[in-house]
Amino acid sequence: MDTGQEGRMRLPEESCTLVAVGAGPAGLCAAREAAACGVRTTVLDENDKGGGQLIKQIHRFFGSREHGAGKRGFEIALELAEDCANAGAEIRLNHRVLGFFEDGRLLVEGDFIYVLEAKAVVLATGALERSFPFPGWTLPGVMGAGAAQTLVNVHGVLPGKRAVLVGSGNVGLIVAYQLLQAGMEVVGILEVEDRVGGYEVHESRVRREGVPIYLRHRLLAVEGLEGVEAVLAKDLEKGTVKRFHADTLCLAVGMIPQAELASMRGCRMVFVRELGGFIPWHDGDMRTDRPGVYVAGDAAGVEEASIAMDEGRLAGVAALEDLGALSPNEARKRKEELKRRLNLLRGGAAGRPRAMAKERLAAGWRHR
Amino acid sequence: MKGDWEKVWEEARERPVALVDCRQEIPCNPCEEACRKGAIRVGEDLCSAPVYDPGRCDGCGRCVALCPGMAIFLLDRRGGDGQAEVTVPWEMCGEIVEGERIWAVDGKGKVLTEGKVVKIKWMGGRWPTRLVTIRIPEERALKVRGVRFRENSVGSSEEVDQEYDLPEDYPVCRCEDVSREEVLKFLKMGLRSLTALRRSSRVGLGYCQGIYCQEQLRKELGMVTRRSEEETGMFKVRPPVRPVKLGRLGGVNG
Amino acid sequence: MAEIMSSEVVVIGGGVIGAATAYYLCREGAEVMIVEADDLASGASGACDGFLSLQTKALGAHLRLAMESAKLFPSLVEDLEVDIEYRPCGGLILATSQEQMKELRARAKALSAEGLEVEVLSASELKKILPEVGKEVKGGSYCPLDAQVNPISLTLGLAHKAQEMGATILRGCRVENIVVTNNRVREIHTSAGSIHSRRVVCAAGIGSNQIGKMIIVDVPVLPQRGQILVTEPQEPVLPHIVAGAEYLGTKGNLQALLPAEEEAMKLGLGFTAEQTKSGNFLLGSTREFVGFDSQTTPEAMNAIARNALRFLPWIKDLDVIRSFAGLRPCSPDGLPILGTVKGVKGFYLATGHSGDGICLAPITGKVLSELVLDGETSLDISPFSLYRFK
């Protein structure tokens, strides 16, 4: 690539056939499908490790054999990245996509800045932790549950000594457990609803360790001067206020699909509450309404890693089909199998609202 | 399920037997894959609860180690002395050694009894799980779901005065340090589009580009306009979606 | 069912020009309605920098208009309730060659002759007021009357004050037709209903051509894209607004000051930099005719960044956090179009400000209010007549 004279350079341009943005489960699986089919494939990720959020998951995963079930998250991450690279995809870590323009070009920052053009782009940019403002929320010690998880599991740093978690969904329960594993005390989990949001098995794991779950308790504020010193919550049944002494507050109140690039590209965005917020509209094969632009994983609606993998594969197959690299017959067969698996993964009571939302999207999505 | 546990109780007289405590619809089947004897079946529908036949279980413990929900245990009553050995998965970092005293707890975390650690075994793939076997009076054995060193929970809180005054103003946007009150001021001035509100209040114009505060601004605006999230829309996304050094953007090396 | 409204004056457009016009009309006691298709400052006024630069104006009537406008800003600071972040900071134009220095010297002389104080600075003199500049910089010119404002706050402040004085603002309201009978404006049809009014000011920026068509008048305003980079906030370190001499070249189409590089020419690249009150650097900009496309482009982002570093190399480690593009309402000669139109009484134009809208807004509002209410203006605006174009 021309880096020009005198340390200055023009904007270099490069092209490939398929680009996956994001080397999480969705992006890696999409890229693997494409590369295994002989298509020139590049995966871009802003982090220095592939695997997305899987790299900080030390617990064993749900799913079935195809999703690495029973293995630990980071183990699955390593396997997916290896599979993807072995299939021939080029995985570029520390490459950040700065823009996805309406003409289809990507602006990327790697060791230098460049423009990348591809016939197919799979957006697998994941999700962000939801946050909300309350008195004291900007104090050091207030963080997303996922951030706390990254600290303890990736960097080996304890965010504090005593934590309160907000939200008893699966993320809140799992992170509470992992903070305990790392040696922190978990003072309690606050849940505004009258029942625990996550699976019973995860609930049981934290309860066995003696962590109380406070149902019908709303977070009011965090107190402290230099950092978190106490967490205030309102008991919605009794109307009283409780103060918990803690130095860390972890918010596990959901995830927001991270779909800025799709929006910038001009994809039609729709608000789907069941899937976490604004997502690019997509059909049953993960195509957005822009030609050559696909979406998969949490960026297409917040779900689970196993679903992200199969959605990534589905997006990869759809892209291959549109590129003419797969026969319509072969594509149909693979898509049917993947959709069957996705249906199974969204089978339980927890998955049903998401399954229905995805069906409505595939049917076109109208305002209610 | 109850019937199963009676059967487990009986079979446990002869050999260690798994006790599967999984009732929810979870898309998951490693237990089925783990069992070499075909004692646990999930079947085609991943979300169905496992069907378990204690009669076929050989007590190998693989399912105990591999269950992501840590919801499978082993019961062993071969001693016949009123004591039972219960095996639970253990994933804590701390040390645990044979001979130690430890508390046995039920699924809600309630202490059932004190027991003694009699065996520790590592199982389950490259990054295994410790299986901890404890010895306890057998009448409590079916209820055991975990073990812990601490008897009581750490959780403690104090009641605060009912009249507690909550600070009313706090930042909505931390990058630009814009308070909720300021946002309300702009709404009062009649701004009705998300973009105009963003430009005027500066909420979402900071370093994070509004990925954290956008939802809140949409909520505040929606409360005034009574429009849905979809109608209120999103911030226009402008590159760079991640901050980039000016020198880098300009192609100057170093 | 759409309602029927009425107003003494209707101002089409809630940008800075419309807001200023409404403000000055309200001060004279007029009853005003602002009709805005989107929201206040949603067009060029919300997507530009805050330059109030006098020394970049064309010599003659344009400069006089700008100088009159500059005098009005302090009164706005007093009168408006919104902080418009006005800062009389002075402005610099930097030259990167001796040829450019020569041009700046000539311009400084001409500007001074017209009553604008401009000082030419050698490289060493420049160092005293802007210690660190790029190696290429040979000197510059300094105008103490140049200033800076927050264009969004200015628009909002003017509109809000007008509202307090009784103006109505119709947001999300699109003008669909203007009814003219017996050569006089009678009624405006909008998406929110009809408005009876005998006086209409078109301050619709890049939408002016469309509005003109409704009364069968060709208003030659084209959208010209200007892209800008925004950096993370910093402590105040840039004391003045700064432009490169090439900015003068692309703005005024001055042959001697046009950029040398082909790509820069294509983009109409000219360096501008200011540090806003919030601490962000705004770095510009381009001049491109690409229709109504207000996207930013990789080429321009790269070129603006590269160009900025020629002048201010020390900002290379600042993070760029955003880019944006505005569509300037551009007239064929780059000067505004102000005044009446032939054959349609009660229709007034205040458009075509071509990137000088923020700077010229107060005086535009003032003279338009005089024109609408009294039929004559305190300042000769005939050089800005629509009929100067043939």
# chains A, B, ... in the order shown; residues from 1 in each chain; ligands from 1
>>> closest_atom_pairs(of="stretch 262-328 of chain A", to="stretch 210-225 of chain B", cutoff="12 Å", atoms="only C-alpha atoms", output="JSON lines")
{"residue": "A:Phe271", "atom": "CA", "partner": "B:Glu215", "partner_atom": "CA", "distance": 11.8}
{"residue": "A:Gly276", "atom": "CA", "partner": "B:Glu215", "partner_atom": "CA", "distance": 11.1}
{"residue": "A:Gly277", "atom": "CA", "partner": "B:Glu215", "partner_atom": "CA", "distance": 9.0}
{"residue": "A:Phe278", "atom": "CA", "partner": "B:Glu215", "partner_atom": "CA", "distance": 10.1}
>>> write_last_selection(atoms="C-alpha atoms", output="tab-separated table (two decimals), in the first residue's frame")
chain	number	residue	atom	x	y	z
A	271	PHE	CA	-37.42	-0.12	16.83
A	276	GLY	CA	-33.25	-4.30	22.56
A	277	GLY	CA	-34.03	-1.18	20.53
A	278	PHE	CA	-33.21	0.15	17.08
>>> interface_residues(of="chain A", to="chain B", cutoff="6 Å", atoms="only C-alpha atoms", output="PyMOL selection string")
chain A and resi 7-9+60-64+69-70+98-99+133+135+181+187-188+201+204+207-208+210-211+240-244+264+271+344-345+347-348
>>> closest_residue(among="C:Pro74, C:Pro298, C:Gly50, C:Gly60", to="chain A", atoms="only C-alpha atoms")
C:Pro298
>>> interface_residues(of="chain C", to="chain B", cutoff="6 Å", atoms="only C-alpha atoms", output="CSV table (one decimal) with N, CA and C atoms, in the first residue's frame")
chain,number,residue,atom,x,y,z
C,302,ASN,N,-10.2,13.0,5.2
C,302,ASN,CA,-8.8,12.8,5.1
C,302,ASN,C,-8.1,14.1,4.7
C,305,ALA,N,-8.2,16.9,7.5
C,305,ALA,CA,-7.3,16.6,8.5
C,305,ALA,C,-5.9,16.9,8.1
C,306,ARG,N,-5.5,16.4,6.9
C,306,ARG,CA,-4.2,16.6,6.4
C,306,ARG,C,-3.9,18.1,6.2
C,316,LYS,N,-2.2,17.2,16.1
C,316,LYS,CA,-2.3,15.9,15.5
C,316,LYS,C,-2.8,14.8,16.4
C,317,ASP,N,-2.6,15.0,17.7
C,317,ASP,CA,-3.0,14.0,18.7
C,317,ASP,C,-4.4,14.1,19.2
C,318,LEU,N,-5.0,15.2,18.8
C,318,LEU,CA,-6.4,15.3,19.2
C,318,LEU,C,-7.3,14.3,18.5
C,319,ASP,N,-8.3,13.8,19.3
C,319,ASP,CA,-9.2,12.8,18.7
C,319,ASP,C,-10.3,13.6,17.9
C,320,VAL,N,-10.5,13.1,16.7
C,320,VAL,CA,-11.6,13.6,15.9
C,320,VAL,C,-12.8,12.8,16.4
C,321,ILE,N,-13.9,13.4,16.8
C,321,ILE,CA,-15.0,12.6,17.3
C,321,ILE,C,-16.2,12.7,16.4
C,322,ARG,N,-16.2,13.6,15.4
C,322,ARG,CA,-17.4,13.7,14.6
C,322,ARG,C,-17.0,14.5,13.3
C,323,SER,N,-17.8,14.3,12.3
C,323,SER,CA,-17.7,15.1,11.2
C,323,SER,C,-19.1,15.5,10.8
>>> interface_residues(of="chain A", to="chain C", cutoff="9 Å", atoms="only C-alpha atoms", output="PDB file with N, CA, C and O atoms, in the first residue's frame")
ATOM      1  N   ARG A   8       3.412  11.565   4.734  1.00  0.00           N
ATOM      2  CA  ARG A   8       1.999  11.817   4.453  1.00  0.00           C
ATOM      3  C   ARG A   8       1.541  10.868   3.381  1.00  0.00           C
ATOM      4  O   ARG A   8       2.290  10.439   2.531  1.00  0.00           O
ATOM      5  N   MET A   9       0.269  10.548   3.423  1.00  0.00           N
ATOM      6  CA  MET A   9      -0.192   9.680   2.347  1.00  0.00           C
ATOM      7  C   MET A   9      -1.623  10.008   1.968  1.00  0.00           C
ATOM      8  O   MET A   9      -2.393  10.568   2.724  1.00  0.00           O
ATOM      9  N   ARG A  10      -1.944   9.634   0.752  1.00  0.00           N
ATOM     10  CA  ARG A  10      -3.321   9.725   0.285  1.00  0.00           C
ATOM     11  C   ARG A  10      -4.101   8.606   0.964  1.00  0.00           C
ATOM     12  O   ARG A  10      -3.520   7.699   1.540  1.00  0.00           O
ATOM     13  N   LEU A  11      -5.351   8.664   0.777  1.00  0.00           N
ATOM     14  CA  LEU A  11      -6.200   7.645   1.355  1.00  0.00           C
ATOM     15  C   LEU A  11      -6.058   6.356   0.533  1.00  0.00           C
ATOM     16  O   LEU A  11      -6.500   6.297  -0.604  1.00  0.00           O
ATOM     17  N   GLY A  99     -16.353   4.435   9.519  1.00  0.00           N
ATOM     18  CA  GLY A  99     -17.544   4.858   8.790  1.00  0.00           C
ATOM     19  C   GLY A  99     -17.936   3.833   7.741  1.00  0.00           C
ATOM     20  O   GLY A  99     -17.099   3.069   7.254  1.00  0.00           O
ATOM     21  N   PHE A 101     -20.139   4.215   4.400  1.00  0.00           N
ATOM     22  CA  PHE A 101     -20.770   5.289   3.635  1.00  0.00           C
ATOM     23  C   PHE A 101     -21.850   4.748   2.704  1.00  0.00           C
ATOM     24  O   PHE A 101     -21.878   3.564   2.389  1.00  0.00           O
ATOM     25  N   GLU A 102     -22.732   5.680   2.274  1.00  0.00           N
ATOM     26  CA  GLU A 102     -23.866   5.253   1.464  1.00  0.00           C
ATOM     27  C   GLU A 102     -23.446   4.626   0.143  1.00  0.00           C
ATOM     28  O   GLU A 102     -24.187   3.841  -0.437  1.00  0.00           O
ATOM     29  N   ARG A 105     -18.662   2.095   0.779  1.00  0.00           N
ATOM     30  CA  ARG A 105     -17.267   1.992   1.201  1.00  0.00           C
ATOM     31  C   ARG A 105     -17.140   2.075   2.720  1.00  0.00           C
ATOM     32  O   ARG A 105     -17.924   2.744   3.385  1.00  0.00           O
ATOM     33  N   LEU A 106     -16.132   1.386   3.216  1.00  0.00           N
ATOM     34  CA  LEU A 106     -15.838   1.444   4.653  1.00  0.00           C
ATOM     35  C   LEU A 106     -14.572   2.265   4.850  1.00  0.00           C
ATOM     36  O   LEU A 106     -13.623   2.142   4.074  1.00  0.00           O
ATOM     37  N   LEU A 107     -14.573   3.090   5.877  1.00  0.00           N
ATOM     38  CA  LEU A 107     -13.347   3.808   6.249  1.00  0.00           C
ATOM     39  C   LEU A 107     -12.799   3.113   7.487  1.00  0.00           C
ATOM     40  O   LEU A 107     -13.507   2.959   8.478  1.00  0.00           O
ATOM     41  N   ILE A 113      -4.879   4.726   8.028  1.00  0.00           N
ATOM     42  CA  ILE A 113      -6.276   4.829   7.647  1.00  0.00           C
ATOM     43  C   ILE A 113      -6.451   4.415   6.188  1.00  0.00           C
ATOM     44  O   ILE A 113      -5.597   4.700   5.360  1.00  0.00           O
ATOM     45  N   TYR A 114      -7.510   3.678   5.882  1.00  0.00           N
ATOM     46  CA  TYR A 114      -7.719   3.258   4.493  1.00  0.00           C
ATOM     47  C   TYR A 114      -9.199   3.038   4.210  1.00  0.00           C
ATOM     48  O   TYR A 114     -10.016   2.924   5.121  1.00  0.00           O
ATOM     49  N   VAL A 115      -9.489   2.980   2.919  1.00  0.00           N
ATOM     50  CA  VAL A 115     -10.860   2.734   2.469  1.00  0.00           C
ATOM     51  C   VAL A 115     -10.943   1.297   1.991  1.00  0.00           C
ATOM     52  O   VAL A 115     -10.061   0.807   1.299  1.00  0.00           O
TER      53      VAL A 115
END
>>> residues_around(residues="A:Gly364", least_positions_apart="5", cutoff="9 Å", atoms="only C-alpha atoms", output="ChimeraX atom specification")
/A:281-283,359
>>> residues_around(residues="A:Glu109", least_positions_apart="6", cutoff="7 Å", atoms="only C-alpha atoms", output="MDAnalysis selection string")
chainID A and resid 95:98
>>> write_last_selection(atoms="all heavy atoms", output="tab-separated table (two decimals), in the first residue's frame")
chain	number	residue	atom	x	y	z
A	95	HIS	N	-8.36	-3.20	14.11
A	95	HIS	CA	-8.81	-2.41	12.96
A	95	HIS	C	-10.21	-1.89	13.26
A	95	HIS	O	-11.13	-2.68	13.47
A	95	HIS	CB	-8.83	-3.27	11.69
A	95	HIS	CG	-7.49	-3.39	11.05
A	95	HIS	ND1	-7.23	-2.99	9.77
A	95	HIS	CD2	-6.32	-3.87	11.54
A	95	HIS	CE1	-5.95	-3.21	9.49
A	95	HIS	NE2	-5.39	-3.75	10.54
A	96	ARG	N	-10.32	-0.59	13.30
A	96	ARG	CA	-11.60	-0.01	13.68
A	96	ARG	C	-12.29	0.60	12.48
A	96	ARG	O	-11.69	1.38	11.74
A	96	ARG	CB	-11.38	1.07	14.75
A	96	ARG	CG	-10.51	0.55	15.86
A	96	ARG	CD	-10.57	1.42	17.05
A	96	ARG	NE	-9.94	2.71	16.83
A	96	ARG	CZ	-10.04	3.70	17.69
A	96	ARG	NH1	-10.77	3.54	18.78
A	96	ARG	NH2	-9.43	4.84	17.46
A	97	VAL	N	-13.53	0.23	12.29
A	97	VAL	CA	-14.30	0.82	11.20
A	97	VAL	C	-14.83	2.17	11.68
A	97	VAL	O	-15.53	2.25	12.68
A	97	VAL	CB	-15.46	-0.10	10.78
A	97	VAL	CG1	-16.32	0.58	9.72
A	97	VAL	CG2	-14.90	-1.42	10.24
A	98	LEU	N	-14.45	3.21	10.97
A	98	LEU	CA	-14.84	4.56	11.37
A	98	LEU	C	-16.10	5.03	10.68
A	98	LEU	O	-16.81	5.89	11.17
A	98	LEU	CB	-13.71	5.55	11.05
A	98	LEU	CG	-12.34	5.24	11.66
A	98	LEU	CD1	-11.32	6.28	11.21
A	98	LEU	CD2	-12.41	5.21	13.18
>>> atom_distance(atom1="atom CA of C:Arg186", atom2="atom CA of C:Ala30")
17.2 Å
>>> select_by_dssp(residues="stretch 42-138 of chain C", states="strand (DSSP E or B)", output="JSON list (two decimals) with N, CA, C and O atoms, in the first residue's frame")
[["chain", "number", "residue", "atom", "x", "y", "z"],
["C", 51, "PHE", "N", -17.67, 31.19, 12.53],
["C", 51, "PHE", "CA", -16.85, 32.32, 12.07],
["C", 51, "PHE", "C", -17.69, 33.58, 11.88],
["C", 51, "PHE", "O", -18.71, 33.54, 11.18],
["C", 52, "LEU", "N", -17.26, 34.67, 12.49],
["C", 52, "LEU", "CA", -17.80, 35.97, 12.15],
["C", 52, "LEU", "C", -16.61, 36.72, 11.57],
["C", 52, "LEU", "O", -15.93, 37.48, 12.26],
["C", 87, "ARG", "N", -17.67, 35.77, 20.97],
["C", 87, "ARG", "CA", -16.32, 36.06, 21.47],
["C", 87, "ARG", "C", -15.61, 36.95, 20.45],
["C", 87, "ARG", "O", -15.32, 36.51, 19.34],
["C", 91, "GLY", "N", -9.40, 37.56, 14.07],
["C", 91, "GLY", "CA", -9.22, 36.44, 13.15],
["C", 91, "GLY", "C", -7.93, 36.53, 12.36],
["C", 91, "GLY", "O", -7.43, 37.63, 12.08],
["C", 92, "LEU", "N", -7.37, 35.37, 12.07],
["C", 92, "LEU", "CA", -6.12, 35.27, 11.34],
["C", 92, "LEU", "C", -6.33, 34.59, 10.00],
["C", 92, "LEU", "O", -7.11, 33.63, 9.91],
["C", 93, "ILE", "N", -5.62, 35.06, 8.98],
["C", 93, "ILE", "CA", -5.52, 34.30, 7.74],
["C", 93, "ILE", "C", -4.05, 34.01, 7.52],
["C", 93, "ILE", "O", -3.21, 34.90, 7.61],
["C", 94, "LEU", "N", -3.75, 32.74, 7.30],
["C", 94, "LEU", "CA", -2.35, 32.34, 7.21],
["C", 94, "LEU", "C", -1.96, 32.07, 5.76],
["C", 94, "LEU", "O", -2.71, 31.44, 5.01],
["C", 95, "ALA", "N", -0.78, 32.51, 5.42],
["C", 95, "ALA", "CA", -0.27, 32.29, 4.06],
["C", 95, "ALA", "C", 0.82, 31.23, 4.11],
["C", 95, "ALA", "O", 1.60, 31.19, 5.06],
["C", 119, "GLU", "N", -4.20, 43.94, 9.80],
["C", 119, "GLU", "CA", -2.76, 44.06, 10.01],
["C", 119, "GLU", "C", -2.07, 42.89, 9.32],
["C", 119, "GLU", "O", -2.51, 41.74, 9.46],
["C", 120, "VAL", "N", -1.01, 43.18, 8.58],
["C", 120, "VAL", "CA", -0.25, 42.08, 7.96],
["C", 120, "VAL", "C", 0.89, 41.69, 8.90],
["C", 120, "VAL", "O", 1.59, 42.55, 9.44],
["C", 121, "LEU", "N", 1.04, 40.40, 9.10],
["C", 121, "LEU", "CA", 2.02, 39.91, 10.07],
["C", 121, "LEU", "C", 3.07, 39.06, 9.36],
["C", 121, "LEU", "O", 2.75, 38.18, 8.56],
["C", 122, "SER", "N", 4.33, 39.35, 9.66],
["C", 122, "SER", "CA", 5.40, 38.49, 9.16],
["C", 122, "SER", "C", 5.41, 37.22, 10.00],
["C", 122, "SER", "O", 4.74, 37.14, 11.04]]
>>> atom_distance(atom1="atom CA of A:Val154", atom2="atom CA of A:Ala176")
15.8 Å
>>> residues_around(residues="stretch 157-159 of chain A", least_positions_apart="5", cutoff="10 Å", atoms="only C-alpha atoms", output="ChimeraX atom specification")
/A:140-143,147-152,179,182-184,247-250
>>> decode(residues="stretch 234-326 of chain A", atoms="C-alpha atoms", output="PDB file, in the first residue's frame")
ATOM      1  CA  LYS A 234     -36.375   1.744  47.439  1.00  0.00           C
ATOM      2  CA  ASP A 235     -38.398  -1.210  48.628  1.00  0.00           C
ATOM      3  CA  LEU A 236     -41.443  -0.809  46.421  1.00  0.00           C
ATOM      4  CA  GLU A 237     -43.592  -3.014  48.631  1.00  0.00           C
ATOM      5  CA  LYS A 238     -42.926  -1.265  51.907  1.00  0.00           C
ATOM      6  CA  GLY A 239     -42.067   2.156  50.539  1.00  0.00           C
ATOM      7  CA  THR A 240     -38.911   2.285  52.619  1.00  0.00           C
ATOM      8  CA  VAL A 241     -35.395   3.125  51.520  1.00  0.00           C
ATOM      9  CA  LYS A 242     -32.444   0.795  52.084  1.00  0.00           C
ATOM     10  CA  ARG A 243     -28.799   1.703  52.088  1.00  0.00           C
ATOM     11  CA  PHE A 244     -26.259  -0.921  51.028  1.00  0.00           C
ATOM     12  CA  HIS A 245     -22.609  -0.358  51.809  1.00  0.00           C
ATOM     13  CA  ALA A 246     -20.657  -1.131  48.688  1.00  0.00           C
ATOM     14  CA  ASP A 247     -17.875   0.326  46.573  1.00  0.00           C
ATOM     15  CA  THR A 248     -19.051  -1.021  43.221  1.00  0.00           C
ATOM     16  CA  LEU A 249     -22.357  -0.835  41.428  1.00  0.00           C
ATOM     17  CA  CYS A 250     -22.829  -2.971  38.341  1.00  0.00           C
ATOM     18  CA  LEU A 251     -25.693  -2.260  35.984  1.00  0.00           C
ATOM     19  CA  ALA A 252     -27.101  -5.318  34.263  1.00  0.00           C
ATOM     20  CA  VAL A 253     -30.167  -3.693  32.801  1.00  0.00           C
ATOM     21  CA  GLY A 254     -29.981  -4.930  29.256  1.00  0.00           C
ATOM     22  CA  MET A 255     -28.078  -4.358  26.084  1.00  0.00           C
ATOM     23  CA  ILE A 256     -28.568  -1.995  23.165  1.00  0.00           C
ATOM     24  CA  PRO A 257     -27.840  -3.267  19.653  1.00  0.00           C
ATOM     25  CA  GLN A 258     -24.883  -1.382  18.271  1.00  0.00           C
ATOM     26  CA  ALA A 259     -26.005  -0.612  14.768  1.00  0.00           C
ATOM     27  CA  GLU A 260     -24.582   2.858  14.045  1.00  0.00           C
ATOM     28  CA  LEU A 261     -22.832   1.629  10.926  1.00  0.00           C
ATOM     29  CA  ALA A 262     -26.063   0.237   9.477  1.00  0.00           C
ATOM     30  CA  SER A 263     -27.796   3.512  10.187  1.00  0.00           C
ATOM     31  CA  MET A 264     -24.980   5.453   8.578  1.00  0.00           C
ATOM     32  CA  ARG A 265     -25.105   3.228   5.516  1.00  0.00           C
ATOM     33  CA  GLY A 266     -28.757   4.174   5.144  1.00  0.00           C
ATOM     34  CA  CYS A 267     -30.319   0.883   6.188  1.00  0.00           C
ATOM     35  CA  ARG A 268     -33.907   1.144   7.294  1.00  0.00           C
ATOM     36  CA  MET A 269     -33.885   1.124  11.082  1.00  0.00           C
ATOM     37  CA  VAL A 270     -36.775  -0.196  13.109  1.00  0.00           C
ATOM     38  CA  PHE A 271     -37.424  -0.124  16.828  1.00  0.00           C
ATOM     39  CA  VAL A 272     -38.015  -3.592  18.242  1.00  0.00           C
ATOM     40  CA  ARG A 273     -38.384  -3.579  21.986  1.00  0.00           C
ATOM     41  CA  GLU A 274     -38.058  -7.370  22.312  1.00  0.00           C
ATOM     42  CA  LEU A 275     -34.672  -7.180  20.575  1.00  0.00           C
ATOM     43  CA  GLY A 276     -33.246  -4.295  22.556  1.00  0.00           C
ATOM     44  CA  GLY A 277     -34.033  -1.176  20.531  1.00  0.00           C
ATOM     45  CA  PHE A 278     -33.207   0.155  17.080  1.00  0.00           C
ATOM     46  CA  ILE A 279     -31.923  -2.479  14.693  1.00  0.00           C
ATOM     47  CA  PRO A 280     -31.526  -2.575  10.946  1.00  0.00           C
ATOM     48  CA  TRP A 281     -34.558  -4.166   9.401  1.00  0.00           C
ATOM     49  CA  HIS A 282     -33.605  -7.574   8.020  1.00  0.00           C
ATOM     50  CA  ASP A 283     -35.318 -10.445   6.270  1.00  0.00           C
ATOM     51  CA  GLY A 284     -35.303 -14.060   7.397  1.00  0.00           C
ATOM     52  CA  ASP A 285     -31.875 -14.520   5.761  1.00  0.00           C
ATOM     53  CA  MET A 286     -30.296 -11.521   7.572  1.00  0.00           C
ATOM     54  CA  ARG A 287     -30.347  -9.212   4.532  1.00  0.00           C
ATOM     55  CA  THR A 288     -30.950  -5.547   5.276  1.00  0.00           C
ATOM     56  CA  ASP A 289     -32.799  -3.365   2.778  1.00  0.00           C
ATOM     57  CA  ARG A 290     -29.475  -2.220   1.267  1.00  0.00           C
ATOM     58  CA  PRO A 291     -28.017  -4.533  -1.359  1.00  0.00           C
ATOM     59  CA  GLY A 292     -24.945  -6.383  -0.172  1.00  0.00           C
ATOM     60  CA  VAL A 293     -25.434  -5.401   3.470  1.00  0.00           C
ATOM     61  CA  TYR A 294     -26.210  -8.110   6.007  1.00  0.00           C
ATOM     62  CA  VAL A 295     -26.516  -8.037   9.758  1.00  0.00           C
ATOM     63  CA  ALA A 296     -26.059 -10.767  12.362  1.00  0.00           C
ATOM     64  CA  GLY A 297     -25.798 -11.321  16.068  1.00  0.00           C
ATOM     65  CA  ASP A 298     -26.619  -8.753  18.718  1.00  0.00           C
ATOM     66  CA  ALA A 299     -26.490  -5.911  16.190  1.00  0.00           C
ATOM     67  CA  ALA A 300     -29.551  -7.558  14.631  1.00  0.00           C
ATOM     68  CA  GLY A 301     -31.262  -7.815  18.015  1.00  0.00           C
ATOM     69  CA  VAL A 302     -29.851  -8.742  21.389  1.00  0.00           C
ATOM     70  CA  GLU A 303     -29.986 -12.495  21.960  1.00  0.00           C
ATOM     71  CA  GLU A 304     -27.493 -15.183  22.906  1.00  0.00           C
ATOM     72  CA  ALA A 305     -24.086 -16.164  21.609  1.00  0.00           C
ATOM     73  CA  SER A 306     -25.344 -19.446  20.149  1.00  0.00           C
ATOM     74  CA  ILE A 307     -27.968 -17.529  18.197  1.00  0.00           C
ATOM     75  CA  ALA A 308     -25.325 -15.050  17.059  1.00  0.00           C
ATOM     76  CA  MET A 309     -23.278 -17.938  15.653  1.00  0.00           C
ATOM     77  CA  ASP A 310     -26.144 -19.350  13.614  1.00  0.00           C
ATOM     78  CA  GLU A 311     -27.274 -15.900  12.497  1.00  0.00           C
ATOM     79  CA  GLY A 312     -23.724 -15.238  11.355  1.00  0.00           C
ATOM     80  CA  ARG A 313     -23.698 -18.472   9.397  1.00  0.00           C
ATOM     81  CA  LEU A 314     -27.060 -17.570   7.906  1.00  0.00           C
ATOM     82  CA  ALA A 315     -25.831 -14.112   6.861  1.00  0.00           C
ATOM     83  CA  GLY A 316     -22.747 -15.737   5.365  1.00  0.00           C
ATOM     84  CA  VAL A 317     -24.837 -18.174   3.354  1.00  0.00           C
ATOM     85  CA  ALA A 318     -27.187 -15.426   2.163  1.00  0.00           C
ATOM     86  CA  ALA A 319     -24.190 -13.339   1.066  1.00  0.00           C
ATOM     87  CA  LEU A 320     -22.689 -16.336  -0.750  1.00  0.00           C
ATOM     88  CA  GLU A 321     -25.983 -16.929  -2.469  1.00  0.00           C
ATOM     89  CA  ASP A 322     -26.217 -13.296  -3.588  1.00  0.00           C
ATOM     90  CA  LEU A 323     -22.596 -13.384  -4.771  1.00  0.00           C
ATOM     91  CA  GLY A 324     -23.384 -16.458  -6.840  1.00  0.00           C
ATOM     92  CA  ALA A 325     -20.838 -18.507  -4.908  1.00  0.00           C
ATOM     93  CA  LEU A 326     -23.448 -21.021  -3.784  1.00  0.00           C
TER      94      LEU A 326
END
